[in-house]
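Undergrad: Could you have a look at this structure, given as structure tokens, before my questions?
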Amino acid sequence: MNQMTSRRAVVRAPSGPQSIETVDVPVAEPGPGEILVRIAAAAINPVDLGVAAGVFHRLGMIHQPHWTGLGWDFAGAVEAAGTGVELPVGTRVAGFLDGFDRDHGSHAEHLLVPAANAAVVPDGVDLVEAATVPLNATAAAQLVDLLGDAPSEARRLLVTGAAGAVGAHVAVLAQDRGWQVTGLARAADEPFVRGLGVDFATDLGQGWEAVADAGALQEPALKAVRDGGRFVGVQPAARLSEERGITVEVIFARPDGPLLARLLARVAAGELPARVHAVAPLDDAADAYQAMAKGGVRGRIVLVP
């Protein structure tokens with residue numbers, strides 16, 4: 001019997017969206033603790049653009065001999081499960097992949113992942129919407145954990161990129177930890193940002209007790225923090241040096257199935273946003289990446305096999 005094959009989007013010589021191609025690969029059986037997911041939707045994130053452009057290859061973080069797989073976020077249904085997994089076939093799940101140096105990604109028809117890294121998608125949450133949540137919301141929650149609880153008398157937090165996927169989640173979740181949040185974004189995004197229940201600004205200002213730099217502004221955002229304050233960035237490969245007594249942290253999101261389950265429950269309750277900008281077929285991945293690279297996208301472009 002011929003082994004089933006599956007398509008995935010990859011880059012061999014990464015040089016941007018035009019270098020993306022699809023290849024057919026054999027579908028492997030899940031091992032202990034693993035699930036085989038039939039992908040229903042997979043979001044394109046800025047980090048995917050960086051992989052396709054070769055940014056992480058040049059940084060020495062990717063060493064694949066044939067091709068590099070694309071895609072982090074996924075949502076779909078369990079097609080098969082290995083021993084020790086209690087998720088029945090057909091269960092709707094979502095999650096994201098870890099690390100850069102891999103020949104597979106979520107921009108594919110099938111994906112093998114540890115069951116512990118996935119979460120069940122609640123009823124009422126569409127799989128296309130669910131595909132926009134895992135990486136961004138998990139990164140936001142882990143960023144807020146680095147910020148910690150707001151000091152009782154120094155609670156002003158600026159979230160850069162507050163209209164973006166990570167920033168919007170940070171703006172909501174940081175309020176749970178007692179922070180008085182202001183979202184930084186373009187003037188056109190003011191209604192959305194204020195709709196998150198936070199204040200709004202179009203310039204960095206100065207003297208903030210903490211800055212969550214979801215917009216990756218880096219040095220200018222650090223300068224906006226008061227002496228002795230806190231700064232959390234989102235670019236692990238470009239961690240800023242501490243200055244003026246400021247505590248500097250940087251987030252590198254790690255899969256966490258139980259955490260993602262709680263975040264998806266908040267999406268289902270309408271407490272966290274799940275924004276889809278557009279949907280495109282997997283075969284049109286190169287064009288979809290190009291559209292994402294043009295910028296100004298609010299929400300995520302989602303690939304559907």
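How things are named: the first chain in the structure tokens is A, the next is B, and so on; residues count from 1 in each chain; ligands count from 1 in the order shown.
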Write out as CSV the residues of range 170-280 of chain A that have any atom within 10 Å of an atom of range 100-123 of chain A, one row each with the nearest atom pair and its distance in Å to one decimal, counting only C-alpha atoms, sorted by chain and then rising number.
TA:
residue,atom,partner,partner_atom,distance
A:Arg254,CA,A:Asn117,CA,9.0
A:Pro255,CA,A:Asn117,CA,5.3
A:Asp256,CA,A:Asn117,CA,5.4
A:Gly257,CA,A:Asn117,CA,4.4
A:Pro258,CA,A:Ala119,CA,6.7
A:Leu259,CA,A:Ala119,CA,8.4
A:Leu260,CA,A:Ala119,CA,6.1
A:Ala261,CA,A:Ala119,CA,5.1
A:Arg262,CA,A:Ala119,CA,8.9
A:Leu263,CA,A:Ala119,CA,9.7
A:Leu264,CA,A:Val121,CA,6.7
A:Ala265,CA,A:Pro122,CA,6.5
A:Arg266,CA,A:Pro122,CA,9.8
A:Val267,CA,A:Pro122,CA,9.0
A:Ala268,CA,A:Pro122,CA,6.7
A:Ala269,CA,A:Pro122,CA,9.8
Undergrad: Take the selection from the previous step and output its residues with N, CA, C and O atoms, as an mmCIF file, in the first residue's frame.
TA:
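Contents of the output file selection-v3.cif:
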data_model
loop_
_atom_site.group_PDB
_atom_site.id
_atom_site.type_symbol
_atom_site.label_atom_id
_atom_site.label_comp_id
_atom_site.auth_asym_id
_atom_site.auth_seq_id
_atom_site.Cartn_x
_atom_site.Cartn_y
_atom_site.Cartn_z
ATOM 1 N N ARG A 254 6.953 29.890 24.291
ATOM 2 C CA ARG A 254 7.066 28.437 24.324
ATOM 3 C C ARG A 254 5.670 27.814 24.373
ATOM 4 O O ARG A 254 4.786 28.323 25.076
ATOM 5 N N PRO A 255 5.446 26.718 23.642
ATOM 6 C CA PRO A 255 4.122 26.079 23.676
ATOM 7 C C PRO A 255 3.738 25.664 25.095
ATOM 8 O O PRO A 255 4.576 25.190 25.866
ATOM 9 N N ASP A 256 2.474 25.852 25.416
ATOM 10 C CA ASP A 256 1.953 25.521 26.740
ATOM 11 C C ASP A 256 0.474 25.206 26.560
ATOM 12 O O ASP A 256 -0.357 26.102 26.539
ATOM 13 N N GLY A 257 0.157 23.929 26.417
ATOM 14 C CA GLY A 257 -1.214 23.526 26.132
ATOM 15 C C GLY A 257 -2.227 24.004 27.158
ATOM 16 O O GLY A 257 -3.266 24.570 26.795
ATOM 17 N N PRO A 258 -1.991 23.800 28.466
ATOM 18 C CA PRO A 258 -2.955 24.260 29.468
ATOM 19 C C PRO A 258 -3.158 25.781 29.424
ATOM 20 O O PRO A 258 -4.286 26.261 29.578
ATOM 21 N N LEU A 259 -2.077 26.538 29.240
ATOM 22 C CA LEU A 259 -2.208 27.993 29.138
ATOM 23 C C LEU A 259 -3.040 28.366 27.920
ATOM 24 O O LEU A 259 -3.949 29.209 28.001
ATOM 25 N N LEU A 260 -2.766 27.729 26.786
ATOM 26 C CA LEU A 260 -3.521 28.029 25.574
ATOM 27 C C LEU A 260 -4.998 27.696 25.755
ATOM 28 O O LEU A 260 -5.870 28.427 25.256
ATOM 29 N N ALA A 261 -5.302 26.621 26.458
ATOM 30 C CA ALA A 261 -6.705 26.272 26.701
ATOM 31 C C ALA A 261 -7.417 27.398 27.443
ATOM 32 O O ALA A 261 -8.563 27.743 27.121
ATOM 33 N N ARG A 262 -6.743 27.993 28.416
ATOM 34 C CA ARG A 262 -7.360 29.093 29.164
ATOM 35 C C ARG A 262 -7.539 30.324 28.277
ATOM 36 O O ARG A 262 -8.546 31.036 28.372
ATOM 37 N N LEU A 263 -6.580 30.571 27.415
ATOM 38 C CA LEU A 263 -6.673 31.728 26.516
ATOM 39 C C LEU A 263 -7.784 31.539 25.490
ATOM 40 O O LEU A 263 -8.534 32.477 25.195
ATOM 41 N N LEU A 264 -7.914 30.339 24.948
ATOM 42 C CA LEU A 264 -8.989 30.071 23.994
ATOM 43 C C LEU A 264 -10.360 30.197 24.663
ATOM 44 O O LEU A 264 -11.328 30.637 24.029
ATOM 45 N N ALA A 265 -10.435 29.822 25.924
ATOM 46 C CA ALA A 265 -11.700 29.990 26.652
ATOM 47 C C ALA A 265 -12.063 31.468 26.758
ATOM 48 O O ALA A 265 -13.239 31.844 26.666
ATOM 49 N N ARG A 266 -11.070 32.320 26.902
ATOM 50 C CA ARG A 266 -11.336 33.756 26.974
ATOM 51 C C ARG A 266 -11.713 34.315 25.606
ATOM 52 O O ARG A 266 -12.492 35.270 25.516
ATOM 53 N N VAL A 267 -11.162 33.729 24.549
ATOM 54 C CA VAL A 267 -11.602 34.103 23.199
ATOM 55 C C VAL A 267 -13.073 33.731 23.033
ATOM 56 O O VAL A 267 -13.888 34.526 22.528
ATOM 57 N N ALA A 268 -13.427 32.526 23.446
ATOM 58 C CA ALA A 268 -14.817 32.074 23.330
ATOM 59 C C ALA A 268 -15.762 32.972 24.126
ATOM 60 O O ALA A 268 -16.918 33.179 23.722
ATOM 61 N N ALA A 269 -15.271 33.526 25.235
ATOM 62 C CA ALA A 269 -16.098 34.397 26.074
ATOM 63 C C ALA A 269 -16.122 35.833 25.571
ATOM 64 O O ALA A 269 -16.791 36.684 26.166
#
Undergrad: Please provide the set of residues having any atom within 7 Å of range 32-47 of chain A, restricted to only C-alpha atoms, with same-chain residues fewer than 6 positions apart removed, written as an NGL selection string.
TA: :A and (71 or 73-85 or 106-115 or 127-128 or 131-132 or 300-305)
Undergrad: Write the residues of the preceding selection, restricted to N, CA and C atoms, as a JSON list (two decimals), in the first residue's frame.
TA:
[["chain", "number", "residue", "atom", "x", "y", "z"],
["A", 71, "GLY", "N", 5.63, 28.19, 9.04],
["A", 71, "GLY", "CA", 4.39, 28.21, 9.81],
["A", 71, "GLY", "C", 4.58, 27.79, 11.25],
["A", 73, "ASP", "N", 1.61, 28.80, 13.92],
["A", 73, "ASP", "CA", 0.25, 28.57, 14.41],
["A", 73, "ASP", "C", -0.50, 27.51, 13.60],
["A", 74, "PHE", "N", -1.37, 26.75, 14.27],
["A", 74, "PHE", "CA", -2.25, 25.82, 13.55],
["A", 74, "PHE", "C", -3.54, 25.61, 14.31],
["A", 75, "ALA", "N", -4.57, 25.23, 13.57],
["A", 75, "ALA", "CA", -5.83, 24.74, 14.14],
["A", 75, "ALA", "C", -6.34, 23.67, 13.20],
["A", 76, "GLY", "N", -6.91, 22.63, 13.76],
["A", 76, "GLY", "CA", -7.39, 21.53, 12.93],
["A", 76, "GLY", "C", -8.04, 20.46, 13.79],
["A", 77, "ALA", "N", -8.01, 19.23, 13.29],
["A", 77, "ALA", "CA", -8.64, 18.11, 14.00],
["A", 77, "ALA", "C", -7.66, 16.96, 14.13],
["A", 78, "VAL", "N", -7.75, 16.26, 15.24],
["A", 78, "VAL", "CA", -6.90, 15.10, 15.47],
["A", 78, "VAL", "C", -7.27, 14.00, 14.47],
["A", 79, "GLU", "N", -6.30, 13.55, 13.69],
["A", 79, "GLU", "CA", -6.53, 12.48, 12.73],
["A", 79, "GLU", "C", -6.04, 11.14, 13.25],
["A", 80, "ALA", "N", -5.03, 11.16, 14.10],
["A", 80, "ALA", "CA", -4.52, 9.94, 14.73],
["A", 80, "ALA", "C", -3.78, 10.35, 15.99],
["A", 81, "ALA", "N", -3.71, 9.43, 16.95],
["A", 81, "ALA", "CA", -3.05, 9.73, 18.22],
["A", 81, "ALA", "C", -2.15, 8.57, 18.63],
["A", 82, "GLY", "N", -1.01, 8.91, 19.21],
["A", 82, "GLY", "CA", -0.09, 7.90, 19.71],
["A", 82, "GLY", "C", -0.51, 7.39, 21.08],
["A", 83, "THR", "N", 0.23, 6.45, 21.58],
["A", 83, "THR", "CA", -0.07, 5.88, 22.90],
["A", 83, "THR", "C", 0.06, 6.96, 23.98],
["A", 84, "GLY", "N", -0.80, 6.86, 24.98],
["A", 84, "GLY", "CA", -0.75, 7.80, 26.08],
["A", 84, "GLY", "C", -1.51, 9.09, 25.82],
["A", 85, "VAL", "N", -2.16, 9.19, 24.68],
["A", 85, "VAL", "CA", -2.92, 10.41, 24.35],
["A", 85, "VAL", "C", -4.40, 10.13, 24.53],
["A", 106, "SER", "N", 3.56, 24.53, 10.20],
["A", 106, "SER", "CA", 2.10, 24.41, 10.22],
["A", 106, "SER", "C", 1.45, 24.80, 8.91],
["A", 107, "HIS", "N", 2.20, 25.41, 8.00],
["A", 107, "HIS", "CA", 1.65, 25.74, 6.69],
["A", 107, "HIS", "C", 1.74, 24.48, 5.84],
["A", 108, "ALA", "N", 0.79, 23.60, 6.12],
["A", 108, "ALA", "CA", 0.83, 22.24, 5.60],
["A", 108, "ALA", "C", -0.57, 21.63, 5.70],
["A", 109, "GLU", "N", -0.70, 20.42, 5.17],
["A", 109, "GLU", "CA", -1.96, 19.69, 5.28],
["A", 109, "GLU", "C", -2.03, 18.87, 6.56],
["A", 110, "HIS", "N", -0.88, 18.38, 7.03],
["A", 110, "HIS", "CA", -0.82, 17.57, 8.25],
["A", 110, "HIS", "C", 0.36, 18.00, 9.09],
["A", 111, "LEU", "N", 0.29, 17.71, 10.39],
["A", 111, "LEU", "CA", 1.35, 18.11, 11.29],
["A", 111, "LEU", "C", 1.39, 17.16, 12.47],
["A", 112, "LEU", "N", 2.58, 16.68, 12.81],
["A", 112, "LEU", "CA", 2.80, 15.88, 14.01],
["A", 112, "LEU", "C", 3.26, 16.80, 15.13],
["A", 113, "VAL", "N", 2.58, 16.75, 16.27],
["A", 113, "VAL", "CA", 2.96, 17.61, 17.40],
["A", 113, "VAL", "C", 2.75, 16.85, 18.70],
["A", 114, "PRO", "N", 3.50, 17.24, 19.75],
["A", 114, "PRO", "CA", 3.21, 16.68, 21.08],
["A", 114, "PRO", "C", 1.81, 17.09, 21.52],
["A", 115, "ALA", "N", 1.04, 16.14, 22.00],
["A", 115, "ALA", "CA", -0.32, 16.45, 22.44],
["A", 115, "ALA", "C", -0.33, 17.48, 23.56],
["A", 127, "LEU", "N", -12.39, 27.45, 13.57],
["A", 127, "LEU", "CA", -10.99, 27.03, 13.48],
["A", 127, "LEU", "C", -10.13, 28.08, 12.78],
["A", 128, "VAL", "N", -10.69, 28.83, 11.84],
["A", 128, "VAL", "CA", -9.90, 29.89, 11.20],
["A", 128, "VAL", "C", -9.56, 30.96, 12.24],
["A", 131, "ALA", "N", -6.91, 29.71, 14.72],
["A", 131, "ALA", "CA", -5.54, 29.65, 14.20],
["A", 131, "ALA", "C", -4.78, 30.95, 14.43],
["A", 132, "THR", "N", -5.47, 32.05, 14.73],
["A", 132, "THR", "CA", -4.79, 33.32, 14.96],
["A", 132, "THR", "C", -4.36, 33.49, 16.41],
["A", 300, "ARG", "N", -4.75, 38.55, 11.13],
["A", 300, "ARG", "CA", -3.83, 37.64, 10.48],
["A", 300, "ARG", "C", -4.40, 37.14, 9.14],
["A", 301, "ILE", "N", -3.50, 36.93, 8.19],
["A", 301, "ILE", "CA", -3.85, 36.20, 6.97],
["A", 301, "ILE", "C", -3.72, 34.72, 7.32],
["A", 302, "VAL", "N", -4.75, 33.95, 7.01],
["A", 302, "VAL", "CA", -4.81, 32.54, 7.41],
["A", 302, "VAL", "C", -4.80, 31.66, 6.17],
["A", 303, "LEU", "N", -3.89, 30.69, 6.16],
["A", 303, "LEU", "CA", -3.82, 29.72, 5.05],
["A", 303, "LEU", "C", -4.72, 28.53, 5.36],
["A", 304, "VAL", "N", -5.46, 28.11, 4.35],
["A", 304, "VAL", "CA", -6.37, 26.96, 4.48],
["A", 304, "VAL", "C", -6.01, 25.92, 3.44],
["A", 305, "PRO", "N", -5.59, 24.72, 3.86],
["A", 305, "PRO", "CA", -5.26, 23.67, 2.87],
["A", 305, "PRO", "C", -6.47, 23.31, 2.01]]
Undergrad: Neighbours of Leu158 in chain A within 9 Å (only C-alpha atoms; same-chain residues fewer than 2 positions away dropped), as a list of chain:residue names?
TA: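 My list of contacting residues is A:Arg156, A:Thr160, A:Ala162, A:Ala171, A:Gln180, A:Val181, A:Thr182, A:Gly183, A:Leu184, A:Ala201, A:Leu204, A:Trp208, A:Glu209, A:Ala210, A:Val211, A:Ala212, A:Asp213, A:Ala224, A:Val225.
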Undergrad: From the DSSP assignment of the backbone, select every residue of range 38-239 of chain A that is helix (DSSP H, G or I), and format the answer as a ChimeraX atom specification.
TA: /A:46-53,55-58,115-117,127-130,134-147,165-175,187-194,219-223,236-238
Undergrad: For Gly50 in chain A, which of A:Tyr289, A:Leu217, A:Arg298, A:Glu249 is the closest residue, counting only C-alpha atoms?
TA: A:Tyr289
